[in-house]
file upload_14.csv (CSV, C-alpha atoms and all ligand atoms)
chain,number,residue,atom,x,y,z
A,1146,MET,CA,-17.1,214.0,11.9
A,1147,SER,CA,-14.9,212.0,9.5
A,1148,ALA,CA,-12.9,213.5,6.8
A,1149,ILE,CA,-14.3,213.5,3.3
A,1150,GLN,CA,-12.0,211.4,1.0
A,1151,ILE,CA,-13.9,211.8,-2.3
A,1152,GLU,CA,-16.3,214.6,-3.3
A,1153,LEU,CA,-18.2,214.6,-6.6
A,1154,THR,CA,-20.1,217.9,-7.1
A,1155,ASN,CA,-22.8,218.5,-9.7
A,1156,ILE,CA,-21.4,216.0,-12.2
A,1157,ASP,CA,-22.9,216.0,-15.7
A,1158,LYS,CA,-21.9,213.6,-18.4
A,1159,HIS,CA,-23.1,213.6,-22.0
A,1160,TYR,CA,-22.2,210.9,-24.5
A,1161,GLY,CA,-23.2,213.0,-27.6
A,1162,ALA,CA,-26.9,213.6,-27.2
A,1163,TYR,CA,-27.2,211.1,-24.4
A,1164,HIS,CA,-27.3,212.5,-20.9
A,1165,ALA,CA,-25.7,209.7,-18.8
A,1166,LEU,CA,-25.2,211.6,-15.5
A,1167,LYS,CA,-27.5,214.4,-14.4
A,1168,ASN,CA,-26.2,216.7,-11.8
A,1169,VAL,CA,-24.9,214.0,-9.5
A,1170,SER,CA,-23.3,215.0,-6.2
A,1171,LEU,CA,-21.8,212.5,-3.7
A,1172,ARG,CA,-19.5,212.8,-0.7
A,1173,ILE,CA,-17.6,209.8,0.5
A,1174,GLU,CA,-16.1,209.7,3.9
A,1175,LYS,CA,-12.6,208.3,4.4
A,1176,GLY,CA,-12.6,204.6,5.4
A,1177,THR,CA,-16.1,203.9,4.1
A,1178,PHE,CA,-17.1,201.2,1.7
A,1179,VAL,CA,-19.7,202.7,-0.8
A,1180,ALA,CA,-21.7,200.7,-3.3
A,1181,LEU,CA,-23.1,202.2,-6.4
A,1182,VAL,CA,-26.1,200.1,-7.4
A,1183,GLY,CA,-28.8,200.2,-9.9
A,1184,PRO,CA,-30.2,198.6,-13.1
A,1185,SER,CA,-28.0,198.2,-16.1
A,1186,GLY,CA,-27.5,201.5,-17.9
A,1187,CYS,CA,-28.2,203.7,-14.9
A,1188,GLY,CA,-24.8,205.3,-15.1
A,1189,LYS,CA,-22.9,203.7,-12.2
A,1190,SER,CA,-19.9,202.7,-14.3
A,1191,THR,CA,-19.8,206.1,-15.9
A,1192,LEU,CA,-19.7,207.7,-12.5
A,1193,LEU,CA,-16.9,205.4,-11.3
A,1194,ARG,CA,-14.9,205.8,-14.5
A,1195,SER,CA,-15.4,209.6,-14.2
A,1196,LEU,CA,-13.9,209.4,-10.7
A,1197,ALA,CA,-11.0,207.4,-12.0
A,1198,GLY,CA,-10.5,209.9,-14.8
A,1199,LEU,CA,-11.2,207.3,-17.6
A,1200,GLU,CA,-14.2,209.5,-18.7
A,1201,THR,CA,-14.1,213.2,-19.2
A,1202,ILE,CA,-17.1,214.8,-17.4
A,1203,THR,CA,-19.1,217.4,-19.2
A,1204,SER,CA,-19.3,219.6,-16.1
A,1205,GLY,CA,-18.9,219.4,-12.4
A,1206,ASN,CA,-16.1,219.0,-10.0
A,1207,ILE,CA,-14.2,216.0,-8.4
A,1208,THR,CA,-11.9,216.1,-5.4
A,1209,ILE,CA,-9.9,213.2,-4.0
A,1210,ALA,CA,-8.2,213.7,-0.6
A,1211,ASN,CA,-9.0,217.5,-0.8
A,1212,GLU,CA,-7.2,217.8,-4.1
A,1213,ASP,CA,-9.2,219.0,-7.1
A,1214,VAL,CA,-8.6,216.3,-9.7
A,1215,THR,CA,-11.3,217.3,-12.2
A,1216,HIS,CA,-8.6,217.9,-14.9
A,1217,VAL,CA,-6.0,215.5,-13.6
A,1218,PRO,CA,-5.2,212.5,-15.8
A,1219,PRO,CA,-6.1,209.0,-14.5
A,1220,ARG,CA,-2.5,208.0,-13.7
A,1221,LYS,CA,-2.0,211.0,-11.4
A,1222,ARG,CA,-5.3,210.6,-9.4
A,1223,ASP,CA,-3.8,207.9,-7.2
A,1224,VAL,CA,-6.8,205.6,-7.3
A,1225,ALA,CA,-6.7,201.9,-8.2
A,1226,MET,CA,-9.4,200.3,-10.3
A,1227,VAL,CA,-10.3,196.6,-10.1
A,1228,PHE,CA,-12.3,195.4,-13.1
A,1229,GLN,CA,-14.5,192.4,-13.8
A,1230,SER,CA,-12.1,191.3,-16.6
A,1231,TYR,CA,-9.1,191.4,-14.1
A,1232,ALA,CA,-7.0,193.1,-16.8
A,1233,LEU,CA,-3.9,191.1,-16.0
A,1234,TYR,CA,-0.9,190.9,-18.3
A,1235,PRO,CA,-1.1,187.4,-19.7
A,1236,HIS,CA,2.7,187.1,-20.5
A,1237,MET,CA,3.7,188.1,-17.0
A,1238,THR,CA,3.9,186.0,-13.9
A,1239,VAL,CA,1.7,186.8,-10.8
A,1240,ALA,CA,4.7,188.4,-9.1
A,1241,ASP,CA,5.3,190.6,-12.2
A,1242,ASN,CA,1.7,191.5,-12.5
A,1243,LEU,CA,1.5,192.5,-8.8
A,1244,THR,CA,4.6,194.6,-8.9
A,1245,TYR,CA,4.3,196.2,-12.4
A,1246,SER,CA,3.4,199.6,-10.9
A,1247,LEU,CA,6.5,199.5,-8.6
A,1248,ARG,CA,8.8,198.4,-11.4
A,1249,ILE,CA,7.8,201.3,-13.6
A,1250,LYS,CA,8.5,203.6,-10.7
A,1251,GLY,CA,12.1,202.2,-10.6
A,1252,VAL,CA,11.8,199.8,-7.6
A,1253,LYS,CA,14.6,197.2,-7.9
A,1254,LYS,CA,13.7,193.6,-8.5
A,1255,PRO,CA,14.6,192.1,-5.1
A,1256,GLU,CA,12.6,194.8,-3.3
A,1257,ALA,CA,9.7,194.3,-5.7
A,1258,ARG,CA,9.8,190.5,-5.0
A,1259,LYS,CA,9.6,191.2,-1.3
A,1260,ALA,CA,6.6,193.4,-1.8
A,1261,ALA,CA,4.9,190.8,-4.0
A,1262,GLU,CA,5.5,188.2,-1.2
A,1263,GLU,CA,3.9,190.5,1.4
A,1264,ILE,CA,0.9,191.1,-0.9
A,1265,ALA,CA,0.6,187.4,-1.6
A,1266,LEU,CA,0.2,186.8,2.1
A,1267,THR,CA,-2.5,189.4,2.4
A,1268,THR,CA,-4.4,188.2,-0.6
A,1269,GLY,CA,-4.0,184.4,-0.3
A,1270,LEU,CA,-1.6,184.0,-3.3
A,1271,THR,CA,1.4,182.6,-1.5
A,1272,GLY,CA,2.9,179.8,-3.6
A,1273,LEU,CA,1.4,181.2,-6.8
A,1274,LEU,CA,3.8,184.0,-7.5
A,1275,ASP,CA,5.6,182.3,-10.4
A,1276,ARG,CA,2.5,181.2,-12.2
A,1277,TYR,CA,1.0,182.9,-15.2
A,1278,PRO,CA,-2.6,184.2,-15.2
A,1279,ARG,CA,-3.8,181.3,-17.4
A,1280,GLU,CA,-2.7,178.9,-14.7
A,1281,LEU,CA,-5.0,180.5,-12.1
A,1282,SER,CA,-8.7,180.0,-11.2
A,1283,GLY,CA,-11.1,182.9,-11.6
A,1284,GLY,CA,-11.0,183.6,-7.9
A,1285,GLN,CA,-7.1,183.6,-7.9
A,1286,ARG,CA,-7.0,186.0,-10.9
A,1287,GLN,CA,-9.4,188.3,-9.0
A,1288,ARG,CA,-7.0,188.2,-6.0
A,1289,VAL,CA,-4.1,189.2,-8.3
A,1290,ALA,CA,-6.1,192.1,-9.6
A,1291,MET,CA,-6.8,193.2,-6.0
A,1292,GLY,CA,-3.2,192.6,-4.9
A,1293,ARG,CA,-2.0,194.8,-7.8
A,1294,ALA,CA,-4.3,197.6,-6.6
A,1295,ILE,CA,-3.2,197.2,-2.9
A,1296,ILE,CA,0.5,197.4,-3.6
A,1297,ARG,CA,0.1,200.9,-4.9
A,1298,HIS,CA,-1.4,202.2,-1.6
A,1299,PRO,CA,-4.0,204.2,-3.5
A,1300,LYS,CA,-6.2,206.9,-2.0
A,1301,ALA,CA,-9.2,204.9,-3.0
A,1302,PHE,CA,-10.1,201.5,-4.5
A,1303,LEU,CA,-12.6,201.6,-7.3
A,1304,PHE,CA,-14.3,198.3,-8.1
A,1305,ASP,CA,-16.3,197.8,-11.4
A,1306,GLU,CA,-18.5,194.7,-11.0
A,1307,PRO,CA,-15.4,192.7,-10.0
A,1308,LEU,CA,-17.2,189.5,-9.1
A,1309,SER,CA,-19.5,189.1,-12.1
A,1310,ASN,CA,-17.3,186.4,-13.7
A,1311,LEU,CA,-17.3,184.1,-10.7
A,1312,ASP,CA,-19.7,181.4,-9.8
A,1313,ALA,CA,-22.2,182.0,-7.0
A,1314,ALA,CA,-20.3,180.3,-4.2
A,1315,LEU,CA,-17.0,182.0,-5.0
A,1316,ARG,CA,-18.8,185.3,-5.3
A,1317,VAL,CA,-20.1,185.0,-1.7
A,1318,GLN,CA,-16.6,184.1,-0.5
A,1319,MET,CA,-14.9,186.9,-2.4
A,1320,ARG,CA,-17.4,189.4,-1.1
A,1321,LYS,CA,-16.2,188.7,2.4
A,1322,GLU,CA,-12.6,188.7,1.4
A,1323,ILE,CA,-12.9,192.1,-0.3
A,1324,ARG,CA,-14.7,193.6,2.6
A,1325,ALA,CA,-12.2,192.1,5.1
A,1326,LEU,CA,-9.3,193.5,3.1
A,1327,HIS,CA,-11.0,196.9,3.0
A,1328,ASP,CA,-11.3,196.9,6.8
A,1329,ARG,CA,-7.7,195.7,7.4
A,1330,LEU,CA,-6.3,198.4,5.1
A,1331,GLY,CA,-8.5,201.1,6.4
A,1332,ALA,CA,-9.3,201.8,2.7
A,1333,THR,CA,-11.9,204.0,1.0
A,1334,SER,CA,-13.7,201.9,-1.5
A,1335,VAL,CA,-16.3,202.6,-4.2
A,1336,TYR,CA,-17.9,199.4,-5.6
A,1337,VAL,CA,-20.2,199.2,-8.6
A,1338,THR,CA,-22.6,196.4,-8.8
A,1339,HIS,CA,-26.1,195.7,-10.3
A,1340,ASP,CA,-26.6,193.1,-7.5
A,1341,GLN,CA,-28.4,194.7,-4.6
A,1342,ILE,CA,-27.6,191.8,-2.3
A,1343,GLU,CA,-23.9,192.4,-3.0
A,1344,ALA,CA,-24.3,196.1,-2.3
A,1345,MET,CA,-26.3,195.5,0.9
A,1346,THR,CA,-24.0,192.9,2.4
A,1347,MET,CA,-20.7,194.6,1.6
A,1348,ALA,CA,-21.3,198.4,1.9
A,1349,ASP,CA,-21.5,200.8,4.8
A,1350,HIS,CA,-23.3,203.3,2.4
A,1351,VAL,CA,-25.4,202.3,-0.6
A,1352,VAL,CA,-26.1,204.7,-3.4
A,1353,VAL,CA,-29.1,203.7,-5.6
A,1354,MET,CA,-29.0,205.1,-9.1
A,1355,ARG,CA,-31.5,205.2,-12.0
A,1356,ASP,CA,-31.4,207.0,-15.3
A,1357,GLY,CA,-28.3,209.1,-14.4
A,1358,ILE,CA,-29.5,210.3,-11.0
A,1359,ILE,CA,-29.1,209.2,-7.4
A,1360,GLU,CA,-32.5,208.1,-6.2
A,1361,GLN,CA,-31.5,207.5,-2.6
A,1362,GLN,CA,-28.4,206.9,-0.5
A,1363,GLY,CA,-28.0,205.7,3.0
A,1364,SER,CA,-27.0,202.7,5.1
A,1365,PRO,CA,-28.3,199.4,3.9
A,1366,LEU,CA,-31.0,199.3,6.6
A,1367,GLU,CA,-32.1,202.8,6.0
A,1368,LEU,CA,-32.8,201.9,2.4
A,1369,TYR,CA,-34.6,198.7,3.4
A,1370,ASP,CA,-36.7,200.3,6.2
A,1371,SER,CA,-37.5,203.7,4.6
A,1372,PRO,CA,-37.2,203.7,0.8
A,1373,VAL,CA,-38.1,207.1,-0.5
A,1374,ASN,CA,-39.9,205.9,-3.5
A,1375,GLN,CA,-41.4,202.8,-5.1
A,1376,PHE,CA,-38.3,202.3,-7.3
A,1377,VAL,CA,-35.9,202.0,-4.4
A,1378,ALA,CA,-38.5,199.9,-2.5
A,1379,GLY,CA,-38.7,197.5,-5.4
A,1380,PHE,CA,-35.0,197.4,-6.0
A,1381,ILE,CA,-33.8,196.8,-2.5
A,1382,GLY,CA,-34.8,193.6,-0.9
A,1383,SER,CA,-35.2,190.0,-2.2
A,1384,PRO,CA,-37.6,188.8,-3.2
A,1385,ALA,CA,-38.9,192.2,-4.3
A,1386,MET,CA,-41.5,194.1,-2.3
A,1387,ASN,CA,-45.1,193.4,-3.3
A,1388,PHE,CA,-47.1,196.4,-4.6
A,1389,VAL,CA,-50.9,196.7,-4.4
A,1390,SER,CA,-53.0,199.7,-5.3
A,1391,ALA,CA,-55.3,200.8,-2.5
A,1392,THR,CA,-57.8,203.4,-1.4
A,1393,ALA,CA,-57.5,205.3,1.9
A,1394,GLN,CA,-60.5,204.8,4.1
A,1395,ALA,CA,-62.6,207.5,5.8
A,1396,ASP,CA,-60.6,207.3,9.0
A,1397,GLY,CA,-57.4,208.1,7.1
A,1398,LEU,CA,-55.6,205.4,9.0
A,1399,SER,CA,-56.5,202.4,7.0
A,1400,VAL,CA,-56.5,201.4,3.4
A,1401,LYS,CA,-58.6,199.0,1.3
A,1402,LEU,CA,-56.4,196.9,-0.9
A,1403,ASN,CA,-57.4,196.3,-4.5
A,1404,LEU,CA,-57.3,192.5,-4.1
A,1405,PRO,CA,-60.2,190.2,-4.8
A,1406,THR,CA,-61.0,189.8,-1.0
A,1407,ALA,CA,-60.7,193.7,-0.5
A,1408,PRO,CA,-58.9,193.4,2.8
A,1409,VAL,CA,-58.5,196.5,4.9
A,1410,LEU,CA,-55.1,197.2,6.5
A,1411,GLU,CA,-54.1,199.8,9.1
A,1412,VAL,CA,-51.3,202.1,8.2
A,1413,SER,CA,-49.2,204.1,10.6
A,1414,LYS,CA,-49.5,207.5,8.8
A,1415,ARG,CA,-52.6,209.5,8.3
A,1416,LEU,CA,-53.8,209.6,4.6
A,1417,ALA,CA,-56.3,211.8,2.9
A,1418,PRO,CA,-59.6,209.9,3.0
A,1419,GLY,CA,-60.4,208.5,-0.4
A,1420,SER,CA,-56.9,209.0,-1.9
A,1421,GLU,CA,-55.5,206.4,-4.2
A,1422,VAL,CA,-52.2,205.0,-3.0
A,1423,ILE,CA,-49.8,202.1,-3.6
A,1424,VAL,CA,-49.1,199.9,-0.7
A,1425,GLY,CA,-45.8,198.0,-0.4
A,1426,LEU,CA,-45.6,194.8,1.5
A,1427,ARG,CA,-42.3,193.0,1.9
A,1428,PRO,CA,-42.6,189.2,1.3
A,1429,GLU,CA,-40.8,188.4,4.6
A,1430,HIS,CA,-43.2,190.7,6.6
A,1431,LEU,CA,-46.4,188.8,5.5
A,1432,LYS,CA,-47.0,186.3,8.2
A,1433,LEU,CA,-49.1,183.2,7.7
A,1434,LEU,CA,-51.8,182.9,10.3
A,1435,SER,CA,-52.9,179.5,11.5
A,1436,PRO,CA,-56.5,178.7,10.7
A,1437,ASP,CA,-57.9,179.5,14.1
A,1438,GLU,CA,-55.7,182.5,14.8
A,1439,PRO,CA,-57.9,185.6,15.1
A,1440,SER,CA,-56.9,188.8,13.2
A,1441,ALA,CA,-58.8,192.0,12.7
A,1442,GLN,CA,-57.0,192.6,9.5
A,1443,ALA,CA,-56.1,189.4,7.7
A,1444,ILE,CA,-55.4,189.3,4.0
A,1445,ALA,CA,-57.2,186.1,2.6
A,1446,ALA,CA,-55.5,184.5,-0.4
A,1447,GLN,CA,-55.1,181.3,-2.3
A,1448,VAL,CA,-51.8,179.5,-2.7
A,1449,GLY,CA,-50.5,179.4,-6.3
A,1450,ILE,CA,-46.9,178.3,-6.4
A,1451,VAL,CA,-44.9,176.9,-3.5
A,1452,GLU,CA,-41.1,176.8,-3.7
A,1453,SER,CA,-39.1,175.4,-0.8
A,1454,THR,CA,-35.3,175.6,-0.4
A,1455,GLY,CA,-35.5,173.5,2.8
A,1456,SER,CA,-35.2,176.2,5.4
A,1457,THR,CA,-37.3,178.8,3.5
A,1458,THR,CA,-40.5,178.5,1.6
A,1459,PHE,CA,-41.6,181.0,-1.1
A,1460,VAL,CA,-45.3,181.2,-1.7
A,1461,THR,CA,-46.9,183.0,-4.6
A,1462,THR,CA,-50.6,183.6,-4.3
A,1463,VAL,CA,-53.2,183.3,-7.1
A,1464,GLY,CA,-54.8,186.4,-8.6
A,1465,GLU,CA,-53.8,189.8,-9.9
A,1466,PRO,CA,-51.7,191.2,-8.4
A,1467,SER,CA,-50.4,188.0,-6.8
A,1468,LEU,CA,-48.4,188.3,-3.6
A,1469,THR,CA,-45.1,186.7,-2.8
A,1470,ILE,CA,-44.6,185.5,0.8
A,1471,VAL,CA,-41.4,184.2,2.4
A,1472,ASP,CA,-41.9,181.9,5.3
A,1473,GLN,CA,-39.5,179.9,7.4
A,1474,GLY,CA,-41.9,177.1,8.0
A,1475,SER,CA,-45.1,176.1,6.1
A,1476,ARG,CA,-43.5,173.4,4.1
A,1477,ARG,CA,-46.8,171.5,3.9
A,1478,LEU,CA,-48.6,174.2,1.9
A,1479,LYS,CA,-49.8,173.2,-1.5
A,1480,ARG,CA,-51.5,174.8,-4.5
A,1481,GLY,CA,-55.1,175.7,-3.9
A,1482,ASP,CA,-54.8,176.0,-0.1
A,1483,GLN,CA,-56.6,179.0,1.4
A,1484,ILE,CA,-54.4,181.1,3.6
A,1485,ARG,CA,-54.6,184.2,5.7
A,1486,LEU,CA,-51.8,186.7,6.1
A,1487,HIS,CA,-51.0,189.3,8.7
A,1488,ILE,CA,-48.7,192.3,8.6
A,1489,ALA,CA,-47.9,194.8,11.3
A,1490,ARG,CA,-49.1,198.3,10.4
A,1491,GLU,CA,-45.6,199.8,11.0
A,1492,LEU,CA,-44.3,197.5,8.3
A,1493,VAL,CA,-46.8,198.6,5.6
A,1494,HIS,CA,-45.2,201.1,3.2
A,1495,VAL,CA,-47.3,203.6,1.5
A,1496,PHE,CA,-46.5,205.5,-1.7
A,1497,ASP,CA,-48.5,208.1,-3.6
A,1498,LYS,CA,-49.7,207.5,-7.2
A,1499,ASP,CA,-46.4,208.9,-8.5
A,1500,GLY,CA,-44.4,206.4,-6.4
A,1501,HIS,CA,-43.2,208.8,-3.7
A,1502,ARG,CA,-43.3,207.7,-0.1
A,1503,THR,CA,-46.1,209.5,1.6
A,1504,ALA,CA,-45.1,212.0,4.3
B,1,LIG,P1,-24.2,201.0,-15.9
B,1,LIG,O1,-22.8,200.9,-15.4
B,1,LIG,O2,-25.1,201.6,-14.8
B,1,LIG,O3,-24.7,199.8,-16.5
B,1,LIG,P2,-23.1,202.9,-17.8
B,1,LIG,O4,-22.5,203.9,-16.9
B,1,LIG,O5,-22.2,201.9,-18.4
B,1,LIG,O6,-24.3,202.1,-17.0
B,1,LIG,O7,-23.9,203.6,-18.9
B,1,LIG,C1,-24.9,204.6,-18.7
B,1,LIG,C2,-25.5,204.9,-20.0
B,1,LIG,O8,-24.6,205.6,-20.9
B,1,LIG,C3,-26.0,203.7,-20.8
B,1,LIG,O9,-27.2,204.0,-21.4
B,1,LIG,C4,-24.9,203.5,-21.9
B,1,LIG,O10,-25.5,202.9,-23.0
B,1,LIG,C5,-24.4,204.9,-22.1
B,1,LIG,N1,-23.0,204.9,-22.5
B,1,LIG,C6,-22.0,204.4,-21.7
B,1,LIG,N2,-20.8,204.5,-22.4
B,1,LIG,C7,-21.1,205.2,-23.5
B,1,LIG,C8,-20.3,205.6,-24.6
B,1,LIG,N3,-18.9,205.5,-24.6
B,1,LIG,N4,-20.9,206.2,-25.7
B,1,LIG,C9,-22.2,206.4,-25.7
B,1,LIG,N5,-23.1,206.0,-24.7
B,1,LIG,C10,-22.5,205.4,-23.6

call {"tool": "encode", "arguments": {"input": "upload_14.csv", "output": "structure tokens"}}
result
Amino acid sequence: MSAIQIELTNIDKHYGAYHALKNVSLRIEKGTFVALVGPSGCGKSTLLRSLAGLETITSGNITIANEDVTHVPPRKRDVAMVFQSYALYPHMTVADNLTYSLRIKGVKKPEARKAAEEIALTTGLTGLLDRYPRELSGGQRQRVAMGRAIIRHPKAFLFDEPLSNLDAALRVQMRKEIRALHDRLGATSVYVTHDQIEAMTMADHVVVMRDGIIEQQGSPLELYDSPVNQFVAGFIGSPAMNFVSATAQADGLSVKLNLPTAPVLEVSKRLAPGSEVIVGLRPEHLKLLSPDEPSAQAIAAQVGIVESTGSTTFVTTVGEPSLTIVDQGSRRLKRGDQIRLHIARELVHVFDKDGHRTA
């Protein structure tokens, strides 16, 4: 059992009348990379800022490395924040930005320079130490912001949407760099993002938030395979899961979907006969059947929109609700084609009318 590096217990945060965090508890093991993810306004930045001490919580308790820091000011919490805005000093060189925290602690200039050179090696900034932030690309500025955090040897790294200002290709590269750095340093990292792909690809442990509460937490694949409710099911995975209302059949082991062709699908859990449920079908689990392929439970549909990226084809069917399908082949499909889809019963997700996964 690993040591707990960060523990948030029963955190409440009110901004005036607004209840931004509602009794949130979270334990983070040493050495893990945790992503806080959720739609804009769900409270993830507030939680991160509370951990850093930049927000005063209304009630609850925070420990970092077994020390109660609930009332400790940010500077003394020994955590390093990396922001989207980089927050670099524009009038200072890269070297001075990197070593600012050492210099204010009284470290002498030659020693600080040596530390800056070491960090530059780790973060790919060698040769740039005497430049000013305005002379750097977005990715390089982000590396300086990370280097400045690393040089302090903090107890935890806290990232607040650090890659939002970068273009898509650079974001993918920086994702890998940040994760590799985390591993090399044996760090404990908490990373806020609204991008579930970023969360899923970078983190060991993903915390999905909505409206100031934690909806579910677990490994990326736990969340993907077994979302506890319709919100998490729809939030994790891209393209998003399809949802179709359905009625459990008399055998309790199949459902009739409320689609024009009223297909019947087997499910792997017994349902109360006649109960109304919501069925979740991931686009990548819907398999196109060839015309002569037999299937006891095919969903018949008509092709609406076809979008191909070359390797992958996204198909949207006609009708309400329409279904999205992701397929690795089928490039010859066109609007109006009749198709049949198959899904294995263990891949069918079932939620009750309130959106909770059925037992
Ligand atoms: P997220 O990071 O998930 O987008 P935030 O934690 O920034 O969300 O904000 C959570 C909620 O708290 C939002 O509804 C936001 O408007 C509100 N909020 C954040 N900061 C303040 C503040 N200083 N004063 C009042 N409300 C705030």

call {"tool": "closest_atom_pairs", "arguments": {"input": "upload_14.csv", "of": "chain A", "to": "ligand LIG 1 (chain B)", "cutoff": "6 Å", "atoms": "all atoms listed in the file", "output": "Markdown table"}}
result
| residue | atom | partner | partner_atom | distance |
| --- | --- | --- | --- | --- |
| A:Tyr1160 | CA | B:LIG1 | C9 | 4.7 |
| A:Ala1165 | CA | B:LIG1 | O8 | 4.7 |
| A:Ser1185 | CA | B:LIG1 | O3 | 3.7 |
| A:Gly1186 | CA | B:LIG1 | O6 | 3.4 |
| A:Cys1187 | CA | B:LIG1 | O2 | 3.7 |
| A:Gly1188 | CA | B:LIG1 | O4 | 3.2 |
| A:Lys1189 | CA | B:LIG1 | O2 | 4.0 |
| A:Ser1190 | CA | B:LIG1 | O1 | 3.6 |
| A:Thr1191 | CA | B:LIG1 | O4 | 3.6 |

call {"tool": "atom_distance", "arguments": {"input": "upload_14.csv", "atom1": "atom CA of A:Asp1241", "atom2": "atom CA of A:Thr1271"}}
result
13.9 Å

call {"tool": "atom_distance", "arguments": {"input": "upload_14.csv", "atom1": "atom CA of A:Asn1310", "atom2": "atom CA of A:Gly1283"}}
result
7.4 Å

call {"tool": "closest_atom_pairs", "arguments": {"input": "upload_14.csv", "of": "stretch 1178-1200 of chain A", "to": "stretch 1330-1345 of chain A", "cutoff": "8 Å", "atoms": "all atoms listed in the file", "output": "CSV"}}
result
residue,atom,partner,partner_atom,distance
A:Phe1178,CA,A:Ser1334,CA,4.7
A:Val1179,CA,A:Val1335,CA,4.8
A:Ala1180,CA,A:Tyr1336,CA,4.6
A:Leu1181,CA,A:Val1337,CA,4.7
A:Val1182,CA,A:His1339,CA,5.3
A:Gly1183,CA,A:His1339,CA,5.3
A:Pro1184,CA,A:His1339,CA,5.7
A:Ser1185,CA,A:His1339,CA,6.6
A:Lys1189,CA,A:Val1337,CA,6.4
A:Ser1190,CA,A:Val1337,CA,6.7
A:Leu1193,CA,A:Val1337,CA,7.5

call {"tool": "atom_distance", "arguments": {"input": "upload_14.csv", "atom1": "atom CA of A:Ala1443", "atom2": "atom CA of A:Ile1484"}}
result
9.4 Å

call {"tool": "closest_residue", "arguments": {"input": "upload_14.csv", "among": "A:Gly1205, A:Gly1357, A:Gly1176, A:Pro1299", "to": "A:His1327", "atoms": "all atoms listed in the file"}}
result
A:Gly1176

call {"tool": "residues_around", "arguments": {"input": "upload_14.csv", "residues": "A:Glu1262", "least_positions_apart": "5", "cutoff": "10 Å", "atoms": "only C-alpha atoms", "output": "list in words"}}
result
Ala1240, Leu1243, Glu1256, Ala1257, Thr1267, Thr1268, Leu1270, Thr1271, Gly1272, Leu1273 and Leu1274 of chain A

call {"tool": "closest_residue", "arguments": {"input": "upload_14.csv", "among": "A:Pro1278, A:Pro1384, A:Gly1292, A:Pro1372", "to": "A:His1430", "atoms": "only C-alpha atoms"}}
result
A:Pro1384

call {"tool": "residues_near_point", "arguments": {"input": "upload_14.csv", "point": "(-25.1, 216.7, -7.8)", "cutoff": "9 Å", "atoms": "all atoms listed in the file", "output": "list in words"}}
result
Leu1153, Thr1154, Asn1155, Ile1156, Asp1157, Lys1167, Asn1168, Val1169, Ser1170, Leu1171, Gly1205, Ile1358 and Ile1359 of chain A

call {"tool": "residues_around", "arguments": {"input": "upload_14.csv", "residues": "A:Met1386", "least_positions_apart": "3", "cutoff": "8 Å", "atoms": "only C-alpha atoms", "output": "list of chain:residue names"}}
result
A:Ala1378, A:Gly1379, A:Gly1382, A:Ser1383, A:Gly1425, A:Leu1426, A:Arg1427, A:Pro1428

call {"tool": "residues_around", "arguments": {"input": "upload_14.csv", "residues": "A:Leu1308", "least_positions_apart": "6", "cutoff": "10 Å", "atoms": "all atoms listed in the file", "output": "ChimeraX atom specification"}}
result
/A:1227-1231,1283-1284,1287,1315-1317,1319-1320,1338,1343

call {"tool": "closest_residue", "arguments": {"input": "upload_14.csv", "among": "A:Ser1456, A:Leu1166, A:Ile1450, A:Lys1432", "to": "A:Leu1486", "atoms": "all atoms listed in the file"}}
result
A:Lys1432

call {"tool": "residues_around", "arguments": {"input": "upload_14.csv", "residues": "A:Ile1209", "least_positions_apart": "4", "cutoff": "9 Å", "atoms": "all atoms listed in the file", "output": "ChimeraX atom specification"}}
result
/A:1149-1153,1196,1213-1214,1222-1224,1300-1301
